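Asks: Pasting final_29.cif below, which is mmCIF, C-alpha atoms.
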data_start
loop_
_atom_site.label_atom_id
_atom_site.label_comp_id
_atom_site.auth_asym_id
_atom_site.auth_seq_id
_atom_site.Cartn_x
_atom_site.Cartn_y
_atom_site.Cartn_z
CA MET A 881 1.55 -0.12 -22.64
CA THR A 882 -0.90 2.18 -20.85
CA GLU A 883 -2.60 4.76 -23.06
CA PRO A 884 -2.42 8.45 -22.07
CA LEU A 885 -4.93 9.57 -19.49
CA THR A 886 -6.65 12.13 -21.72
CA SER A 887 -7.50 9.59 -24.43
CA GLU A 888 -9.27 7.21 -22.09
CA LEU A 889 -10.76 8.72 -18.96
CA PRO A 890 -13.86 10.93 -18.97
CA GLU A 891 -13.85 14.02 -16.78
CA SER A 892 -16.25 12.37 -14.33
CA THR A 893 -13.74 9.59 -13.64
CA LEU A 894 -10.87 12.01 -13.15
CA ALA A 895 -13.06 14.03 -10.78
CA VAL A 896 -13.70 10.88 -8.71
CA LEU A 897 -9.95 10.29 -8.40
CA LEU A 898 -9.25 13.85 -7.32
CA ARG A 899 -12.12 13.84 -4.79
CA GLN A 900 -10.83 10.55 -3.36
CA PHE A 901 -7.37 11.93 -2.72
CA ALA A 902 -8.70 15.29 -1.50
CA HIS A 903 -10.92 13.49 1.02
CA ASP A 904 -7.99 11.42 2.31
CA LEU A 905 -5.65 14.41 2.55
CA LYS A 906 -8.21 16.49 4.45
CA GLY A 907 -8.63 13.67 6.93
CA HIS A 908 -4.87 13.39 7.48
CA LEU A 909 -4.49 17.16 7.85
CA GLY A 910 -7.32 17.19 10.38
CA THR A 911 -5.48 14.54 12.38
CA THR A 912 -2.34 16.67 12.27
CA GLY A 913 -4.27 19.61 13.71
CA LEU A 914 -5.59 17.43 16.50
CA TRP A 915 -2.10 16.28 17.49
CA PHE A 916 -0.86 19.89 17.54
CA TYR A 917 -3.75 20.80 19.84
CA LEU A 918 -2.96 17.88 22.14
CA LEU A 919 0.69 18.96 22.25
CA GLU A 920 -0.24 22.52 23.14
CA THR A 921 -2.49 21.32 25.98
CA ALA A 922 -0.26 18.45 27.17
CA ALA A 923 -0.14 18.20 30.95
CA SER A 924 2.83 15.82 31.23
CA ASP A 925 5.97 14.64 29.47
CA GLU A 926 4.16 11.41 28.66
CA ASP A 927 1.36 13.30 26.91
CA ARG A 928 3.90 15.38 24.99
CA ALA A 929 5.79 12.27 23.89
CA ARG A 930 2.53 10.72 22.75
CA GLY A 931 1.72 13.86 20.77
CA VAL A 932 5.13 13.95 19.10
CA GLN A 933 4.81 10.30 18.08
CA GLY A 934 1.31 10.95 16.80
CA LEU A 935 2.62 13.78 14.63
CA ARG A 936 5.41 11.58 13.27
CA ASP A 937 2.92 8.86 12.39
CA THR A 938 0.56 11.35 10.74
CA PHE A 939 3.33 12.93 8.67
CA ALA A 940 4.38 9.46 7.55
CA THR A 941 0.78 8.85 6.49
CA LEU A 942 0.74 12.13 4.57
CA ASP A 943 3.96 11.09 2.82
CA ARG A 944 2.35 7.80 1.81
CA ALA A 945 -0.70 9.67 0.50
CA ALA A 946 1.56 11.87 -1.64
CA THR A 947 3.24 8.75 -3.03
CA ASP A 948 -0.19 7.30 -3.81
CA LEU A 949 -1.10 10.40 -5.79
CA ALA A 950 2.17 10.24 -7.74
CA ASP A 951 1.72 6.51 -8.40
CA ALA A 952 -1.84 7.07 -9.60
CA GLY A 953 -0.69 9.79 -11.99
CA ARG A 954 2.09 7.57 -13.28
CA SER A 955 -0.24 4.64 -13.82
CA LEU A 956 -2.82 6.70 -15.68
CA SER A 957 -0.45 8.75 -17.81
CA GLY A 958 1.59 5.88 -19.21
CA PRO A 959 5.39 5.75 -19.47
CA GLY A 960 7.58 7.41 -16.90
CA VAL A 961 8.30 4.67 -14.34
CA PRO A 962 11.31 5.64 -12.18
CA ALA A 963 14.66 4.12 -13.08
CA PHE A 964 15.21 0.71 -11.51
CA ASP A 965 18.20 -0.27 -9.38
CA ALA A 966 19.14 -3.32 -7.35
CA VAL A 967 16.91 -3.33 -4.26
CA ASP A 968 16.98 -5.36 -1.06
CA LEU A 969 13.45 -6.75 -1.06
CA GLU A 970 13.99 -8.55 2.24
CA ALA A 971 14.80 -5.23 3.93
CA ILE A 972 11.73 -3.60 2.36
CA VAL A 973 9.36 -6.39 3.39
CA SER A 974 10.80 -6.60 6.91
CA ALA A 975 10.60 -2.84 7.49
CA VAL A 976 7.01 -2.61 6.24
CA ALA A 977 6.00 -5.62 8.33
CA LYS A 978 7.50 -3.98 11.43
CA ALA A 979 5.60 -0.74 10.80
CA ALA A 980 2.34 -2.58 10.13
CA GLY A 981 2.88 -4.68 13.25
CA SER A 982 3.27 -1.53 15.35
CA ALA A 983 0.05 -0.14 13.90
CA ALA A 984 -1.72 -3.42 14.61
CA HIS A 985 -0.58 -3.50 18.24
CA GLY A 986 -3.11 -0.90 19.36
CA ARG A 987 -5.96 -3.19 18.33
CA GLY A 988 -4.41 -6.29 19.85
CA ILE A 989 -3.63 -7.70 16.40
CA MET A 990 -0.53 -9.84 16.01
CA LEU A 991 1.18 -9.64 12.63
CA ASP A 992 3.19 -12.81 12.05
CA ILE A 993 5.50 -12.93 9.02
CA ASP A 994 7.35 -16.02 7.84
CA LEU A 995 10.54 -14.97 6.03
CA PRO A 996 12.90 -17.31 4.16
CA PRO A 997 16.56 -17.16 5.20
CA ARG A 998 18.88 -14.60 3.69
CA PRO A 999 20.24 -13.94 1.17
CA TRP A 1000 17.22 -13.53 -1.09
CA PRO A 1001 17.71 -13.57 -4.87
CA GLY A 1002 18.47 -10.26 -6.55
CA VAL A 1003 15.58 -7.97 -7.49
CA HIS A 1004 15.64 -4.81 -9.60
CA GLY A 1005 13.11 -2.10 -8.91
CA HIS A 1006 12.30 1.29 -7.44
CA HIS A 1007 12.70 1.27 -3.65
CA GLU A 1008 10.02 3.85 -2.80
CA SER A 1009 7.39 2.37 -5.14
CA LEU A 1010 7.91 -1.20 -3.92
CA THR A 1011 7.84 -0.05 -0.30
CA ARG A 1012 4.53 1.70 -0.84
CA ALA A 1013 3.09 -1.32 -2.67
CA PHE A 1014 3.78 -3.57 0.32
CA GLU A 1015 2.51 -0.91 2.72
CA ARG A 1016 -0.81 -0.98 0.85
CA LEU A 1017 -0.96 -4.77 1.18
CA PHE A 1018 0.24 -5.14 4.78
CA PHE A 1019 -1.67 -2.19 6.26
CA GLY A 1020 -4.75 -3.29 4.31
CA ALA A 1021 -4.51 -6.74 5.84
CA VAL A 1022 -4.33 -5.21 9.32
CA ALA A 1023 -7.19 -2.79 8.62
CA HIS A 1024 -9.52 -5.62 7.60
CA ALA A 1025 -8.58 -7.91 10.51
CA SER A 1026 -10.74 -8.21 13.62
CA ASN A 1027 -9.47 -6.86 16.94
CA GLY A 1028 -7.27 -9.44 18.61
CA ALA A 1029 -6.80 -11.43 15.40
CA ARG A 1030 -3.60 -12.93 14.06
CA VAL A 1031 -2.52 -11.79 10.59
CA GLU A 1032 -0.13 -14.20 8.89
CA ILE A 1033 2.09 -13.18 5.97
CA GLN A 1034 4.24 -15.73 4.18
CA VAL A 1035 7.15 -15.19 1.82
CA VAL A 1036 8.21 -17.94 -0.59
CA VAL A 1037 11.21 -17.78 -2.92
CA ASP A 1038 11.54 -19.94 -6.02
CA ARG A 1039 13.49 -19.72 -9.28
CA GLU A 1040 11.02 -17.32 -10.89
CA PHE A 1041 9.55 -15.11 -8.18
CA ILE A 1042 9.68 -13.85 -4.65
CA ARG A 1043 6.08 -14.48 -3.60
CA VAL A 1044 4.54 -12.55 -0.71
CA ARG A 1045 1.20 -13.98 0.44
CA VAL A 1046 -1.04 -11.56 2.32
CA PRO A 1047 -4.58 -12.02 3.69
CA THR A 1048 -7.25 -9.72 2.32
CA ALA A 1049 -10.89 -8.87 2.91
CA SER A 1050 -13.38 -11.54 1.88
CA ASP A 1051 -15.19 -9.02 -0.36
CA THR A 1052 -12.35 -8.87 -2.93
CA PRO A 1053 -13.04 -11.96 -5.07
CA GLY A 1054 -11.71 -12.42 -8.57
CA PRO A 1055 -8.84 -10.60 -10.32
CA ILE A 1056 -7.65 -7.31 -8.87
CA PRO A 1057 -8.83 -4.50 -11.21
CA SER A 1058 -6.51 -1.97 -12.76
CA LEU A 1059 -6.72 1.59 -11.48
CA ARG A 1060 -8.76 2.60 -14.54
CA GLU A 1061 -11.17 -0.30 -13.99
CA ARG A 1062 -11.59 0.57 -10.31
CA LEU A 1063 -12.28 4.22 -11.12
CA ALA A 1064 -14.91 3.14 -13.62
CA GLN A 1065 -16.52 0.97 -10.91
CA ILE A 1066 -16.63 3.96 -8.56
CA VAL A 1067 -18.19 6.19 -11.21
CA THR A 1068 -20.94 3.66 -11.96
CA GLY A 1069 -21.62 3.05 -8.27
CA ALA A 1070 -20.34 -0.54 -8.31
CA ARG A 1071 -17.76 0.46 -5.66
CA GLU A 1072 -17.50 3.35 -3.22
CA SER A 1073 -13.74 3.46 -2.94
CA GLY A 1074 -10.73 1.22 -2.65
CA LEU A 1075 -7.66 2.25 -4.65
CA ALA A 1076 -4.98 0.48 -2.58
CA LEU A 1077 -5.09 -2.91 -4.29
CA PRO A 1078 -5.31 -1.53 -7.84
CA LEU A 1079 -2.33 0.75 -7.10
CA ALA A 1080 -0.38 -2.19 -5.64
CA ARG A 1081 -1.20 -4.22 -8.74
CA GLU A 1082 -0.02 -1.40 -11.03
CA THR A 1083 3.29 -1.09 -9.17
CA LEU A 1084 3.96 -4.82 -9.26
CA GLN A 1085 3.19 -4.95 -12.98
CA GLN A 1086 5.60 -2.08 -13.61
CA HIS A 1087 8.22 -4.31 -11.95
CA GLY A 1088 7.35 -7.28 -14.17
CA GLY A 1089 5.33 -8.92 -11.40
CA GLU A 1090 1.67 -9.32 -10.58
CA LEU A 1091 -0.90 -9.35 -7.79
CA VAL A 1092 -3.20 -12.35 -7.95
CA PRO A 1093 -5.83 -13.82 -5.61
CA LEU A 1094 -5.07 -17.35 -4.43
CA SER A 1095 -8.50 -17.45 -2.76
CA ASP A 1096 -11.20 -15.02 -1.64
CA THR A 1097 -9.10 -14.19 1.42
CA LEU A 1098 -5.48 -14.52 0.23
CA LEU A 1099 -3.45 -12.48 -2.26
CA GLU A 1100 -0.03 -13.25 -3.69
CA ALA A 1101 2.32 -10.44 -4.73
CA ARG A 1102 4.94 -11.72 -7.18
CA ILE A 1103 8.23 -9.98 -7.93
CA PRO A 1104 10.42 -11.61 -10.59
CA VAL A 1105 13.90 -12.72 -9.57
CA ARG A 1106 16.56 -11.01 -11.66
CA ALA A 1107 20.27 -11.45 -12.05
CA ASN A 1108 22.36 -8.84 -10.24
#
Would you give me this structure, written as structure tokens?
Replies:
Amino acid sequence: MTEPLTSELPESTLAVLLRQFAHDLKGHLGTTGLWFYLLETAASDEDRARGVQGLRDTFATLDRAATDLADAGRSLSGPGVPAFDAVDLEAIVSAVAKAAGSAAHGRGIMLDIDLPPRPWPGVHGHHESLTRAFERLFFGAVAHASNGARVEIQVVVDREFIRVRVPTASDTPGPIPSLRERLAQIVTGARESGLALPLARETLQQHGGELVPLSDTLLEARIPVRAN
């Protein structure tokens, strides 16, 4: 069980976490202001439609950032994981893959996902947390891909787990650190940033699963199969 935040983390580490999220939120808010300006100066219906879509995308990003902050607080403070219910993991994975594929389209990236046939085995969890965990993985894979590349995601179901295999950057060798370990790396200068994978790992562990590297360029997210 995770120990309380105040017994473990020095103030310098907590300050790093807060600065990280403040930096991200300022960037997203700046983008929102830009879209409002473009809407106000739009010269055509096409420009206005583009501005409205840009605002929707930016607000969705802000919502994800708020979820990240809540997940980080939950991970660092210990108990308090949301109540679990039966969730449709196939629907979650498919929806996130569609959103990531749309984001990839602008850079000519093709996101190709291989899904096993329905129905998938039952999974218990928290819908919002699992959705955000897979957003971190899928959007991260797109962000690290070259323009025009093909990003392949594979889902495998066995008796123990639903396994989602996602490519990752080649500079993430070895086990994925916990959020506390990553913050310590940032404080000591070993890393500049990068909270997405530790947060995804924390969420999967809260669900009884794990996030493990299969190679330097491939991660596997495991969610245990549970009886309905």
Asks: With all atoms listed in the file as the atoms that count, which of A:Ala946, A:Ala929, A:Leu1010, A:Ile1033 lies nearest to Ala980 in chain A?
Replies: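 Using all atoms listed in the file, Ala980 in chain A sits closest to A:Ile1033.
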Asks: Which is closer to Ala940 in chain A than all the others in A:Glu1015, A:Asp925, A:Asp994, A:Glu1040, using all atoms listed in the file?
Replies: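 Counting all atoms listed in the file, the residue closest to Ala940 in chain A is A:Glu1015.
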Asks: Could you check the closest approach to Arg1060 in chain A for each of A:Ser955, A:Gly1089, A:His1006, A:Phe916 and tell me which residue wins, using only C-alpha atoms?
Replies: A:Ser955
Asks: So which one's closest to Arg987 in chain A, A:Ala922, A:Ala975, A:Val1022, A:Leu969? Using only C-alpha atoms, please.
Replies: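 So, comparing all the options, the nearest one is A:Val1022.
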Asks: Decode the PyMOL selection byres ((chain A and resi 985) around 12) for the given file into explicit residues and return them as JSON, numbers by chain.
Replies: {"A": [978, 979, 980, 981, 982, 983, 984, 986, 987, 988, 989, 990, 991, 992, 1022, 1023, 1025, 1027, 1028, 1029, 1030, 1031]}
Asks: Could you list, as an mmCIF file with C-alpha atoms, in the frame of the given file, every residue matched by the PyMOL selection byres ((chain A and resi 1087) around 8) in this structure?
Replies:
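Saved the output as selection_15.cif:
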data_model
loop_
_atom_site.group_PDB
_atom_site.id
_atom_site.type_symbol
_atom_site.label_atom_id
_atom_site.label_comp_id
_atom_site.auth_asym_id
_atom_site.auth_seq_id
_atom_site.Cartn_x
_atom_site.Cartn_y
_atom_site.Cartn_z
ATOM 1 C CA HIS A 1004 15.640 -4.810 -9.600
ATOM 2 C CA GLY A 1005 13.110 -2.100 -8.910
ATOM 3 C CA THR A 1083 3.290 -1.090 -9.170
ATOM 4 C CA LEU A 1084 3.960 -4.820 -9.260
ATOM 5 C CA GLN A 1085 3.190 -4.950 -12.980
ATOM 6 C CA GLN A 1086 5.600 -2.080 -13.610
ATOM 7 C CA GLY A 1088 7.350 -7.280 -14.170
ATOM 8 C CA GLY A 1089 5.330 -8.920 -11.400
ATOM 9 C CA ILE A 1103 8.230 -9.980 -7.930
ATOM 10 C CA PRO A 1104 10.420 -11.610 -10.590
#
Asks: Between CA of Arg1043 in chain A and CA of Ser1009 in chain A, what is the distance in Å, rounded to a tenth?
Replies: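 Value for the CA of Arg1043 in chain A-CA of Ser1009 in chain A distance: 17.0 Å.
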Asks: Show me, as a PDB file with C-alpha atoms, in the frame of the given file, the residues that have an atom within 8 Å of Val1092 in chain A when counting all atoms listed in the file, minus same-chain residues fewer than 2 positions from it.
Replies:
ATOM      1  CA  PRO A1055      -8.840 -10.600 -10.320  1.00  0.00           C
ATOM      2  CA  ILE A1056      -7.650  -7.310  -8.870  1.00  0.00           C
ATOM      3  CA  GLU A1090       1.670  -9.320 -10.580  1.00  0.00           C
ATOM      4  CA  LEU A1094      -5.070 -17.350  -4.430  1.00  0.00           C
ATOM      5  CA  LEU A1099      -3.450 -12.480  -2.260  1.00  0.00           C
ATOM      6  CA  GLU A1100      -0.030 -13.250  -3.690  1.00  0.00           C
ATOM      7  CA  ALA A1101       2.320 -10.440  -4.730  1.00  0.00           C
TER       8      ALA A1101
END
Asks: Evaluated on this file, the PyMOL selection byres ((chain A and resi 915) around 12) picks out some residues - which ones are they, written as an mmCIF file with C-alpha atoms, keeping the file's coordinate frame?
Replies:
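Contents of result21.cif, as written:
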data_model
loop_
_atom_site.group_PDB
_atom_site.id
_atom_site.type_symbol
_atom_site.label_atom_id
_atom_site.label_comp_id
_atom_site.auth_asym_id
_atom_site.auth_seq_id
_atom_site.Cartn_x
_atom_site.Cartn_y
_atom_site.Cartn_z
ATOM 1 C CA HIS A 908 -4.870 13.390 7.480
ATOM 2 C CA LEU A 909 -4.490 17.160 7.850
ATOM 3 C CA GLY A 910 -7.320 17.190 10.380
ATOM 4 C CA THR A 911 -5.480 14.540 12.380
ATOM 5 C CA THR A 912 -2.340 16.670 12.270
ATOM 6 C CA GLY A 913 -4.270 19.610 13.710
ATOM 7 C CA LEU A 914 -5.590 17.430 16.500
ATOM 8 C CA PHE A 916 -0.860 19.890 17.540
ATOM 9 C CA TYR A 917 -3.750 20.800 19.840
ATOM 10 C CA LEU A 918 -2.960 17.880 22.140
ATOM 11 C CA LEU A 919 0.690 18.960 22.250
ATOM 12 C CA GLU A 920 -0.240 22.520 23.140
ATOM 13 C CA THR A 921 -2.490 21.320 25.980
ATOM 14 C CA ALA A 922 -0.260 18.450 27.170
ATOM 15 C CA ASP A 927 1.360 13.300 26.910
ATOM 16 C CA ARG A 928 3.900 15.380 24.990
ATOM 17 C CA ALA A 929 5.790 12.270 23.890
ATOM 18 C CA ARG A 930 2.530 10.720 22.750
ATOM 19 C CA GLY A 931 1.720 13.860 20.770
ATOM 20 C CA VAL A 932 5.130 13.950 19.100
ATOM 21 C CA GLN A 933 4.810 10.300 18.080
ATOM 22 C CA GLY A 934 1.310 10.950 16.800
ATOM 23 C CA LEU A 935 2.620 13.780 14.630
ATOM 24 C CA ARG A 936 5.410 11.580 13.270
ATOM 25 C CA ASP A 937 2.920 8.860 12.390
ATOM 26 C CA THR A 938 0.560 11.350 10.740
ATOM 27 C CA PHE A 939 3.330 12.930 8.670
#
Asks: Name the closest residue to Pro1093 in chain A among the candidates A:Leu1063, A:Val967, A:Val1044, A:Ala1076; distances are taken between atoms, counting all atoms listed in the file.
Replies: A:Val1044
Asks: Using only C-alpha atoms, which residue out of A:Val1046, A:Ala963, A:Val1037, A:Glu1082 lies closest to Pro1001 in chain A?
Replies: A:Val1037
Asks: At a cut-off of 8 Å, using all atoms listed in the file, what residues contact Leu1075 in chain A? Leave out same-chain residues fewer than 2 positions from it and give the result as a ChimeraX atom specification.
Replies: /A:1059,1062,1073,1077-1079
Asks: For CA of Thr1048 in chain A and CA of Ser974 in chain A, determine how far apart the two atoms are, in Å to one decimal place.
Replies: 18.9 Å
Asks: Please indicate the distance in Å from CA of Asp1038 in chain A to CA of Gly1020 in chain A, rounded to one decimal place.
Replies: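 Atom-to-atom, CA of Asp1038 in chain A and CA of Gly1020 in chain A are spaced 25.5 Å apart.
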